[in-house]
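Visitor: Have a peek at structure_10.cif (mmCIF, N, CA and C atoms).
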data_coords
#
loop_
_atom_site.label_atom_id
_atom_site.label_comp_id
_atom_site.auth_asym_id
_atom_site.auth_seq_id
_atom_site.Cartn_x
_atom_site.Cartn_y
_atom_site.Cartn_z
N MET S 24 -0.52 24.08 -35.66
CA MET S 24 -1.78 24.19 -36.35
C MET S 24 -1.99 23.00 -37.26
N SER S 25 -0.95 22.55 -37.96
CA SER S 25 -1.10 21.42 -38.87
C SER S 25 -1.44 20.14 -38.11
N THR S 26 -0.96 20.01 -36.88
CA THR S 26 -1.29 18.83 -36.07
C THR S 26 -2.78 18.79 -35.80
N VAL S 27 -3.35 19.93 -35.49
CA VAL S 27 -4.78 19.99 -35.22
C VAL S 27 -5.55 19.63 -36.47
N ILE S 28 -5.14 20.17 -37.60
CA ILE S 28 -5.84 19.88 -38.86
C ILE S 28 -5.72 18.39 -39.19
N LEU S 29 -4.52 17.81 -39.04
CA LEU S 29 -4.36 16.39 -39.30
C LEU S 29 -5.22 15.56 -38.37
N GLY S 30 -5.29 15.97 -37.11
CA GLY S 30 -6.12 15.26 -36.15
C GLY S 30 -7.57 15.27 -36.58
N VAL S 31 -8.03 16.38 -37.06
CA VAL S 31 -9.41 16.49 -37.51
C VAL S 31 -9.61 15.66 -38.76
N LEU S 32 -8.66 15.70 -39.68
CA LEU S 32 -8.79 14.95 -40.92
C LEU S 32 -8.79 13.45 -40.65
N PHE S 33 -7.88 12.98 -39.84
CA PHE S 33 -7.79 11.55 -39.58
C PHE S 33 -8.89 11.04 -38.67
N CYS S 34 -9.50 11.92 -37.94
CA CYS S 34 -10.54 11.52 -37.01
C CYS S 34 -11.67 10.81 -37.75
N GLY S 35 -12.04 11.31 -38.90
CA GLY S 35 -13.11 10.68 -39.67
C GLY S 35 -12.70 9.36 -40.27
N VAL S 36 -11.43 9.16 -40.54
CA VAL S 36 -10.93 7.95 -41.16
C VAL S 36 -10.76 6.82 -40.15
N GLY S 37 -10.69 7.17 -38.89
CA GLY S 37 -10.58 6.14 -37.85
C GLY S 37 -9.20 6.01 -37.26
N VAL S 38 -8.24 6.85 -37.68
CA VAL S 38 -6.91 6.78 -37.11
C VAL S 38 -6.93 7.33 -35.68
N LEU S 39 -7.61 8.44 -35.48
CA LEU S 39 -7.78 9.00 -34.15
C LEU S 39 -9.24 8.84 -33.74
N PRO S 40 -9.51 8.50 -32.51
CA PRO S 40 -10.91 8.37 -32.09
C PRO S 40 -11.57 9.74 -32.03
N PRO S 41 -12.87 9.79 -32.27
CA PRO S 41 -13.57 11.05 -32.10
C PRO S 41 -13.39 11.53 -30.66
N PRO S 42 -13.50 12.85 -30.41
CA PRO S 42 -13.25 13.37 -29.07
C PRO S 42 -14.02 12.65 -27.97
N ALA S 43 -15.27 12.31 -28.21
CA ALA S 43 -16.06 11.63 -27.17
C ALA S 43 -15.44 10.27 -26.85
N MET S 44 -14.98 9.55 -27.85
CA MET S 44 -14.36 8.24 -27.63
C MET S 44 -12.99 8.39 -26.99
N ALA S 45 -12.29 9.46 -27.32
CA ALA S 45 -10.98 9.68 -26.71
C ALA S 45 -11.14 9.84 -25.21
N ASN S 46 -12.17 10.54 -24.76
CA ASN S 46 -12.42 10.69 -23.33
C ASN S 46 -12.75 9.35 -22.68
N GLN S 47 -13.55 8.52 -23.38
CA GLN S 47 -13.88 7.20 -22.85
C GLN S 47 -12.62 6.35 -22.75
N SER S 48 -11.78 6.45 -23.76
CA SER S 48 -10.54 5.69 -23.78
C SER S 48 -9.65 6.12 -22.62
N LEU S 49 -9.54 7.42 -22.40
CA LEU S 49 -8.76 7.95 -21.29
C LEU S 49 -9.35 7.49 -19.97
N SER S 50 -10.67 7.51 -19.86
CA SER S 50 -11.33 7.07 -18.65
C SER S 50 -11.04 5.60 -18.38
N PHE S 51 -11.07 4.79 -19.42
CA PHE S 51 -10.78 3.37 -19.28
C PHE S 51 -9.34 3.17 -18.81
N MET S 52 -8.41 3.92 -19.42
CA MET S 52 -7.01 3.80 -19.01
C MET S 52 -6.83 4.23 -17.56
N ASN S 53 -7.53 5.30 -17.16
CA ASN S 53 -7.43 5.74 -15.77
C ASN S 53 -7.97 4.68 -14.82
N SER S 54 -9.08 4.04 -15.21
CA SER S 54 -9.64 3.01 -14.34
C SER S 54 -8.73 1.79 -14.27
N VAL S 55 -8.04 1.48 -15.37
CA VAL S 55 -7.08 0.37 -15.36
C VAL S 55 -5.92 0.73 -14.46
N ASP S 56 -5.42 1.98 -14.56
CA ASP S 56 -4.34 2.43 -13.69
C ASP S 56 -4.76 2.40 -12.23
N LYS S 57 -5.97 2.86 -11.94
CA LYS S 57 -6.46 2.86 -10.57
C LYS S 57 -6.56 1.44 -10.03
N LYS S 58 -7.05 0.54 -10.87
CA LYS S 58 -7.18 -0.85 -10.45
C LYS S 58 -5.81 -1.46 -10.16
N ALA S 59 -4.84 -1.17 -11.01
CA ALA S 59 -3.49 -1.69 -10.81
C ALA S 59 -2.87 -1.11 -9.54
N ARG S 60 -3.07 0.19 -9.30
CA ARG S 60 -2.54 0.82 -8.08
C ARG S 60 -3.20 0.22 -6.85
N LYS S 61 -4.51 0.01 -6.93
CA LYS S 61 -5.23 -0.57 -5.79
C LYS S 61 -4.72 -1.98 -5.51
N GLN S 62 -4.51 -2.77 -6.56
CA GLN S 62 -4.00 -4.13 -6.37
C GLN S 62 -2.61 -4.11 -5.76
N ALA S 63 -1.77 -3.17 -6.19
CA ALA S 63 -0.41 -3.07 -5.64
C ALA S 63 -0.46 -2.69 -4.16
N ILE S 64 -1.32 -1.74 -3.82
CA ILE S 64 -1.43 -1.32 -2.42
C ILE S 64 -1.98 -2.46 -1.57
N MET S 65 -2.99 -3.16 -2.08
CA MET S 65 -3.55 -4.27 -1.31
C MET S 65 -2.53 -5.39 -1.12
N ALA S 66 -1.66 -5.60 -2.11
CA ALA S 66 -0.60 -6.59 -1.95
C ALA S 66 0.34 -6.16 -0.82
N GLN S 67 0.62 -4.86 -0.73
CA GLN S 67 1.45 -4.36 0.36
C GLN S 67 0.74 -4.52 1.71
N VAL S 68 -0.55 -4.24 1.75
CA VAL S 68 -1.32 -4.40 2.99
C VAL S 68 -1.25 -5.86 3.44
N HIS S 69 -1.43 -6.79 2.51
CA HIS S 69 -1.37 -8.22 2.87
C HIS S 69 0.02 -8.60 3.37
N ARG S 70 1.06 -8.01 2.78
CA ARG S 70 2.42 -8.30 3.22
C ARG S 70 2.61 -7.81 4.67
N VAL S 71 2.11 -6.60 4.96
CA VAL S 71 2.21 -6.05 6.32
C VAL S 71 1.39 -6.90 7.29
N GLU S 72 0.22 -7.35 6.86
CA GLU S 72 -0.59 -8.23 7.73
C GLU S 72 0.21 -9.47 8.12
N ASP S 73 0.91 -10.06 7.15
CA ASP S 73 1.74 -11.23 7.44
C ASP S 73 2.83 -10.91 8.46
N LEU S 74 3.46 -9.76 8.29
CA LEU S 74 4.53 -9.36 9.22
C LEU S 74 3.97 -9.07 10.61
N LEU S 75 2.78 -8.49 10.68
CA LEU S 75 2.16 -8.22 11.98
C LEU S 75 1.78 -9.51 12.69
N ARG S 76 1.44 -10.53 11.94
CA ARG S 76 1.14 -11.83 12.56
C ARG S 76 2.40 -12.41 13.22
N ARG S 77 3.56 -12.16 12.61
CA ARG S 77 4.81 -12.62 13.21
C ARG S 77 5.19 -11.75 14.41
N TRP S 78 4.86 -10.46 14.33
CA TRP S 78 5.11 -9.50 15.43
C TRP S 78 4.36 -9.97 16.68
N ASP S 79 3.09 -10.27 16.53
CA ASP S 79 2.23 -10.93 17.52
C ASP S 79 2.47 -10.51 18.97
N PRO S 80 2.18 -9.24 19.31
CA PRO S 80 2.47 -8.77 20.67
C PRO S 80 1.66 -9.47 21.77
N ILE S 81 0.53 -10.05 21.44
CA ILE S 81 -0.28 -10.74 22.46
C ILE S 81 0.22 -12.16 22.67
N GLY S 82 0.87 -12.72 21.66
CA GLY S 82 1.38 -14.08 21.76
C GLY S 82 0.31 -15.13 21.52
N ILE S 83 -0.62 -14.84 20.60
CA ILE S 83 -1.72 -15.78 20.36
C ILE S 83 -1.53 -16.63 19.11
N ALA S 84 -0.43 -16.45 18.41
CA ALA S 84 -0.19 -17.18 17.16
C ALA S 84 -1.42 -17.11 16.26
N PRO S 85 -1.66 -15.92 15.65
CA PRO S 85 -2.87 -15.75 14.83
C PRO S 85 -3.08 -16.91 13.85
N GLY S 86 -4.29 -17.39 13.83
CA GLY S 86 -4.63 -18.51 12.96
C GLY S 86 -4.49 -19.85 13.67
N THR S 87 -3.77 -19.86 14.79
CA THR S 87 -3.60 -21.09 15.56
C THR S 87 -4.40 -21.00 16.85
N TRP S 88 -4.05 -20.04 17.72
CA TRP S 88 -4.72 -19.88 19.00
C TRP S 88 -5.68 -18.70 19.01
N GLY S 89 -5.63 -17.90 18.00
CA GLY S 89 -6.50 -16.73 17.92
C GLY S 89 -6.90 -16.47 16.49
N PRO S 90 -7.75 -15.47 16.29
CA PRO S 90 -8.19 -15.15 14.93
C PRO S 90 -7.01 -14.80 14.02
N ALA S 91 -7.03 -15.29 12.81
CA ALA S 91 -5.95 -15.03 11.86
C ALA S 91 -5.81 -13.55 11.55
N ASP S 92 -6.90 -12.81 11.67
CA ASP S 92 -6.87 -11.38 11.32
C ASP S 92 -6.71 -10.48 12.54
N GLU S 93 -6.20 -10.99 13.62
CA GLU S 93 -6.10 -10.25 14.89
C GLU S 93 -5.47 -8.87 14.74
N TYR S 94 -4.43 -8.74 13.93
CA TYR S 94 -3.71 -7.47 13.81
C TYR S 94 -3.92 -6.80 12.44
N ASP S 95 -4.75 -7.37 11.60
CA ASP S 95 -4.92 -6.86 10.24
C ASP S 95 -5.42 -5.42 10.19
N GLY S 96 -6.16 -5.00 11.19
CA GLY S 96 -6.70 -3.65 11.20
C GLY S 96 -5.64 -2.57 11.26
N TYR S 97 -4.43 -2.92 11.63
CA TYR S 97 -3.35 -1.94 11.72
C TYR S 97 -2.58 -1.80 10.40
N ALA S 98 -2.74 -2.72 9.49
CA ALA S 98 -1.88 -2.79 8.30
C ALA S 98 -2.06 -1.62 7.34
N LEU S 99 -3.29 -1.25 7.03
CA LEU S 99 -3.50 -0.18 6.05
C LEU S 99 -2.88 1.13 6.51
N HIS S 100 -3.05 1.46 7.79
CA HIS S 100 -2.45 2.69 8.31
C HIS S 100 -0.93 2.63 8.22
N ILE S 101 -0.36 1.48 8.50
CA ILE S 101 1.09 1.33 8.44
C ILE S 101 1.58 1.51 7.00
N VAL S 102 0.87 0.92 6.04
CA VAL S 102 1.25 1.11 4.63
C VAL S 102 1.16 2.59 4.27
N SER S 103 0.11 3.25 4.72
CA SER S 103 -0.04 4.68 4.46
C SER S 103 1.12 5.47 5.07
N MET S 104 1.50 5.13 6.28
CA MET S 104 2.63 5.81 6.93
C MET S 104 3.90 5.68 6.09
N VAL S 105 4.15 4.47 5.60
CA VAL S 105 5.36 4.23 4.81
C VAL S 105 5.30 5.03 3.51
N HIS S 106 4.15 5.05 2.87
CA HIS S 106 4.02 5.82 1.62
C HIS S 106 4.18 7.31 1.86
N GLN S 107 3.89 7.76 3.06
CA GLN S 107 4.05 9.18 3.39
C GLN S 107 5.47 9.50 3.87
N GLY S 108 6.34 8.50 3.89
CA GLY S 108 7.74 8.74 4.20
C GLY S 108 8.13 8.58 5.65
N THR S 109 7.40 7.78 6.40
CA THR S 109 7.75 7.57 7.81
C THR S 109 9.17 7.03 7.94
N THR S 110 9.80 7.39 9.03
CA THR S 110 11.14 6.89 9.30
C THR S 110 11.06 5.58 10.10
N HIS S 111 12.19 4.92 10.20
CA HIS S 111 12.26 3.70 10.99
C HIS S 111 11.88 4.01 12.45
N ALA S 112 12.39 5.10 12.97
CA ALA S 112 12.10 5.47 14.36
C ALA S 112 10.61 5.75 14.56
N GLN S 113 10.00 6.42 13.61
CA GLN S 113 8.57 6.72 13.72
C GLN S 113 7.73 5.45 13.65
N LEU S 114 8.10 4.55 12.75
CA LEU S 114 7.34 3.30 12.62
C LEU S 114 7.54 2.43 13.87
N THR S 115 8.74 2.41 14.39
CA THR S 115 9.00 1.67 15.63
C THR S 115 8.16 2.24 16.77
N ALA S 116 8.12 3.56 16.86
CA ALA S 116 7.32 4.21 17.90
C ALA S 116 5.84 3.89 17.74
N HIS S 117 5.38 3.82 16.49
CA HIS S 117 3.96 3.48 16.25
C HIS S 117 3.67 2.05 16.70
N LEU S 118 4.56 1.12 16.37
CA LEU S 118 4.36 -0.27 16.79
C LEU S 118 4.39 -0.37 18.32
N THR S 119 5.28 0.37 18.95
CA THR S 119 5.34 0.38 20.41
C THR S 119 4.07 0.96 21.00
N TYR S 120 3.55 2.02 20.38
CA TYR S 120 2.28 2.61 20.82
C TYR S 120 1.15 1.58 20.69
N LEU S 121 1.09 0.89 19.56
CA LEU S 121 0.05 -0.13 19.39
C LEU S 121 0.18 -1.20 20.47
N ARG S 122 1.40 -1.65 20.68
CA ARG S 122 1.65 -2.72 21.65
C ARG S 122 1.25 -2.29 23.07
N THR S 123 1.68 -1.11 23.49
CA THR S 123 1.51 -0.71 24.89
C THR S 123 0.21 0.04 25.17
N GLN S 124 -0.19 0.90 24.28
CA GLN S 124 -1.35 1.75 24.55
C GLN S 124 -2.65 1.18 23.99
N VAL S 125 -2.59 0.58 22.81
CA VAL S 125 -3.82 0.05 22.19
C VAL S 125 -4.08 -1.37 22.67
N ILE S 126 -3.07 -2.22 22.58
CA ILE S 126 -3.24 -3.61 22.96
C ILE S 126 -3.07 -3.78 24.47
N GLY S 127 -2.17 -3.00 25.07
CA GLY S 127 -2.03 -3.00 26.52
C GLY S 127 -1.10 -4.05 27.08
N VAL S 128 -0.04 -4.36 26.35
CA VAL S 128 0.95 -5.31 26.88
C VAL S 128 2.27 -4.58 27.10
N GLU S 129 3.22 -5.29 27.71
CA GLU S 129 4.52 -4.70 28.04
C GLU S 129 5.31 -4.34 26.78
N PRO S 130 6.11 -3.27 26.87
CA PRO S 130 6.92 -2.87 25.72
C PRO S 130 8.03 -3.88 25.43
N LEU S 131 8.28 -4.08 24.16
CA LEU S 131 9.42 -4.88 23.70
C LEU S 131 10.03 -4.12 22.52
N PRO S 132 10.79 -3.05 22.83
CA PRO S 132 11.28 -2.16 21.77
C PRO S 132 12.14 -2.85 20.72
N ALA S 133 12.91 -3.84 21.09
CA ALA S 133 13.77 -4.53 20.12
C ALA S 133 12.92 -5.27 19.08
N ILE S 134 11.85 -5.90 19.52
CA ILE S 134 10.97 -6.61 18.58
C ILE S 134 10.21 -5.62 17.71
N ASP S 135 9.79 -4.50 18.29
CA ASP S 135 9.10 -3.48 17.50
C ASP S 135 10.04 -2.90 16.44
N ALA S 136 11.30 -2.67 16.81
CA ALA S 136 12.28 -2.14 15.86
C ALA S 136 12.56 -3.16 14.75
N GLU S 137 12.67 -4.42 15.12
CA GLU S 137 12.90 -5.49 14.14
C GLU S 137 11.73 -5.59 13.17
N THR S 138 10.52 -5.48 13.69
CA THR S 138 9.32 -5.53 12.84
C THR S 138 9.25 -4.32 11.92
N ALA S 139 9.61 -3.15 12.45
CA ALA S 139 9.63 -1.94 11.62
C ALA S 139 10.62 -2.10 10.47
N THR S 140 11.78 -2.67 10.75
CA THR S 140 12.78 -2.92 9.71
C THR S 140 12.21 -3.85 8.64
N ALA S 141 11.57 -4.91 9.07
CA ALA S 141 11.00 -5.88 8.13
C ALA S 141 9.92 -5.24 7.27
N ILE S 142 9.08 -4.41 7.88
CA ILE S 142 8.00 -3.74 7.13
C ILE S 142 8.58 -2.79 6.10
N LEU S 143 9.52 -1.95 6.52
CA LEU S 143 10.12 -0.99 5.59
C LEU S 143 10.82 -1.72 4.44
N HIS S 144 11.52 -2.78 4.75
CA HIS S 144 12.19 -3.56 3.71
C HIS S 144 11.18 -4.20 2.75
N ALA S 145 10.14 -4.79 3.31
CA ALA S 145 9.14 -5.47 2.48
C ALA S 145 8.44 -4.48 1.55
N LEU S 146 8.11 -3.31 2.06
CA LEU S 146 7.39 -2.35 1.22
C LEU S 146 8.33 -1.67 0.23
N LYS S 147 9.57 -1.53 0.58
CA LYS S 147 10.53 -0.94 -0.36
C LYS S 147 10.78 -1.90 -1.52
N THR S 148 10.78 -3.21 -1.26
CA THR S 148 11.03 -4.17 -2.33
C THR S 148 9.80 -4.45 -3.17
N THR S 149 8.60 -4.15 -2.63
CA THR S 149 7.38 -4.36 -3.42
C THR S 149 6.95 -3.09 -4.14
N SER S 150 7.54 -1.96 -3.78
CA SER S 150 7.22 -0.70 -4.45
C SER S 150 8.51 0.11 -4.48
N GLY S 151 8.97 0.41 -5.66
CA GLY S 151 10.25 1.08 -5.82
C GLY S 151 10.43 2.32 -4.99
N ASP S 152 9.35 3.03 -4.63
CA ASP S 152 9.53 4.28 -3.91
C ASP S 152 9.00 4.25 -2.48
N ALA S 153 8.38 3.20 -2.05
CA ALA S 153 7.82 3.18 -0.69
C ALA S 153 8.93 3.18 0.32
N GLY S 154 8.77 4.03 1.32
CA GLY S 154 9.71 4.06 2.41
C GLY S 154 10.97 4.83 2.13
N GLU S 155 11.10 5.45 0.98
CA GLU S 155 12.29 6.22 0.69
C GLU S 155 12.08 7.66 1.03
#
Starting from the file, lay out its structure as C-alpha cells.
Guide:
Amino acid sequence: MSTVILGVLFCGVGVLPPPAMANQSLSFMNSVDKKARKQAIMAQVHRVEDLLRRWDPIGIAPGTWGPADEYDGYALHIVSMVHQGTTHAQLTAHLTYLRTQVIGVEPLPAIDAETATAILHALKTTSGDAGE
C-alpha cells in the first residue's frame, strides 16, 4: 500500500511519469524492442540468403550468371523453421525438397546436408537460442 501512495505522491513531482505517459513510455520501449528483434531477424535472413547463394542448386552463380536474389525467397521460411526448432535432418530434407521438387534438379543430399549444417551454425551464432 505504501508503494502505491509513494507512486501517487511522486507522480506530481516528476519522479514517476503520470499513468498516461507511463503507457506511452512502455509503448515506445515495446516499439524499440520490436525494431531490434526485426533487425536481428532480418540479419539472420540475409545470412541465410548468402548461404543459399553458395548452395546454388541450379549452378547459376547468383549475381554473376543469374539474379543475385535467385534463392532469397526461401530464406525467411528457413529462418522461421530454425526458430521453431527444426532438426538438421528436417532442414536437410527441406533443402532437398526445394532442390528436387520446387527447382526441379537432381538431388545432391551431401550438399544439402552441408548447407543445413552451415545454416544451423550461422543462426546459432547470430542468435543465442536459434536452432537449439
Visitor: What is the CA of Thr148 in chain S to CA of Val102 in chain S distance in Å?
Guide: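 A separation of 13.1 Å between them.
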Visitor: Step by step, gather every atom of range 77-84 of chain S that the file lists, find the box along x, y and z that holds them, add 4 Å on each side, and finally give centre and edge lengths in Å to one decimal, as JSON.
Guide:
{"center_x": 1.7, "center_y": -13.0, "center_z": 17.6, "size_x": 14.9, "size_y": 16.4, "size_z": 18.1}
Visitor: Measuring atom to atom with only C-alpha atoms, identify which of S:Ile81, S:Ala63, S:Leu75, S:Ala91 is nearest to Val128 in chain S.
Guide: S:Ile81
Visitor: What does the structure give for the distance between atom N of Ala112 in chain S and atom C of Ala98 in chain S, in Å to one decimal?
Guide: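 For atom N of Ala112 in chain S relative to atom C of Ala98 in chain S, the distance reads 16.9 Å.
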Visitor: Between CA of Leu121 in chain S and CA of Lys147 in chain S, what is the distance, to one decimal in Å?
Guide: 22.4 Å
Visitor: So which residues touch range 113-120 of chain S within 10 Å, counting only C-alpha atoms, skipping near sequence neighbours fewer than 4 positions away, as a ChimeraX atom specification?
Guide: /S:75,78,80,97,101,104-105,108-109,124-140,142-143
Visitor: Any chance you could list, as number ranges by chain, the residues in range 77-113 of chain S that come up alpha helix (DSSP H) when DSSP is run on the backbone?
Guide: S: 77-78, 98-106, 111-113
Visitor: Nearest to His144 in chain S: which of S:Thr87, S:Thr123, S:Gln107, S:Gln67 is it, counting only C-alpha atoms?
Guide: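 Among the listed residues, the smallest separation from His144 in chain S belongs to S:Gln67.
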Visitor: Counting only C-alpha atoms, figure out which residue out of S:Lys58, S:Ile64, S:Leu99, S:Asp92 gets nearest to Arg76 in chain S.
Guide: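 Closest residue, counting only C-alpha atoms: S:Asp92.
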Visitor: For range 61-83 of chain S of the structure just presented, write N, CA and C atoms to a file, as a CSV table (one decimal), in the first residue's frame.
Guide:
chain,number,residue,atom,x,y,z
S,61,LYS,N,13.2,-7.2,-35.1
S,61,LYS,CA,13.1,-7.3,-36.5
S,61,LYS,C,14.5,-7.2,-37.2
S,62,GLN,N,15.3,-6.2,-36.7
S,62,GLN,CA,16.6,-6.1,-37.3
S,62,GLN,C,17.5,-7.4,-37.1
S,63,ALA,N,17.3,-8.0,-36.0
S,63,ALA,CA,18.1,-9.2,-35.7
S,63,ALA,C,17.6,-10.4,-36.6
S,64,ILE,N,16.3,-10.5,-36.8
S,64,ILE,CA,15.8,-11.5,-37.7
S,64,ILE,C,16.2,-11.2,-39.2
S,65,MET,N,16.1,-10.0,-39.6
S,65,MET,CA,16.5,-9.6,-40.9
S,65,MET,C,18.0,-9.9,-41.2
S,66,ALA,N,18.8,-9.7,-40.2
S,66,ALA,CA,20.2,-10.0,-40.3
S,66,ALA,C,20.4,-11.5,-40.5
S,67,GLN,N,19.6,-12.3,-39.8
S,67,GLN,CA,19.6,-13.8,-40.0
S,67,GLN,C,19.1,-14.2,-41.4
S,68,VAL,N,18.1,-13.5,-41.9
S,68,VAL,CA,17.6,-13.8,-43.2
S,68,VAL,C,18.7,-13.5,-44.2
S,69,HIS,N,19.3,-12.4,-44.1
S,69,HIS,CA,20.4,-12.0,-45.0
S,69,HIS,C,21.6,-13.0,-45.0
S,70,ARG,N,21.8,-13.5,-43.8
S,70,ARG,CA,22.9,-14.6,-43.6
S,70,ARG,C,22.5,-15.8,-44.4
S,71,VAL,N,21.2,-16.2,-44.2
S,71,VAL,CA,20.7,-17.4,-44.9
S,71,VAL,C,20.7,-17.2,-46.4
S,72,GLU,N,20.4,-16.0,-46.9
S,72,GLU,CA,20.4,-15.7,-48.3
S,72,GLU,C,21.8,-15.9,-48.8
S,73,ASP,N,22.8,-15.4,-48.1
S,73,ASP,CA,24.2,-15.6,-48.5
S,73,ASP,C,24.6,-17.1,-48.6
S,74,LEU,N,24.1,-17.9,-47.6
S,74,LEU,CA,24.4,-19.3,-47.7
S,74,LEU,C,23.7,-20.0,-48.8
S,75,LEU,N,22.5,-19.6,-49.1
S,75,LEU,CA,21.7,-20.2,-50.2
S,75,LEU,C,22.4,-19.9,-51.6
S,76,ARG,N,23.0,-18.7,-51.7
S,76,ARG,CA,23.7,-18.4,-52.9
S,76,ARG,C,24.9,-19.3,-53.1
S,77,ARG,N,25.5,-19.8,-52.0
S,77,ARG,CA,26.6,-20.7,-52.1
S,77,ARG,C,26.1,-22.1,-52.4
S,78,TRP,N,24.9,-22.4,-51.9
S,78,TRP,CA,24.2,-23.7,-52.1
S,78,TRP,C,23.9,-23.9,-53.6
S,79,ASP,N,23.4,-22.9,-54.2
S,79,ASP,CA,23.2,-22.7,-55.7
S,79,ASP,C,22.9,-24.0,-56.4
S,80,PRO,N,21.7,-24.6,-56.2
S,80,PRO,CA,21.4,-25.9,-56.8
S,80,PRO,C,21.3,-25.8,-58.4
S,81,ILE,N,21.0,-24.6,-58.9
S,81,ILE,CA,20.9,-24.5,-60.4
S,81,ILE,C,22.3,-24.3,-61.0
S,82,GLY,N,23.2,-23.8,-60.2
S,82,GLY,CA,24.6,-23.6,-60.7
S,82,GLY,C,24.7,-22.3,-61.6
S,83,ILE,N,24.0,-21.3,-61.2
S,83,ILE,CA,24.0,-20.0,-61.9
S,83,ILE,C,24.9,-19.0,-61.3
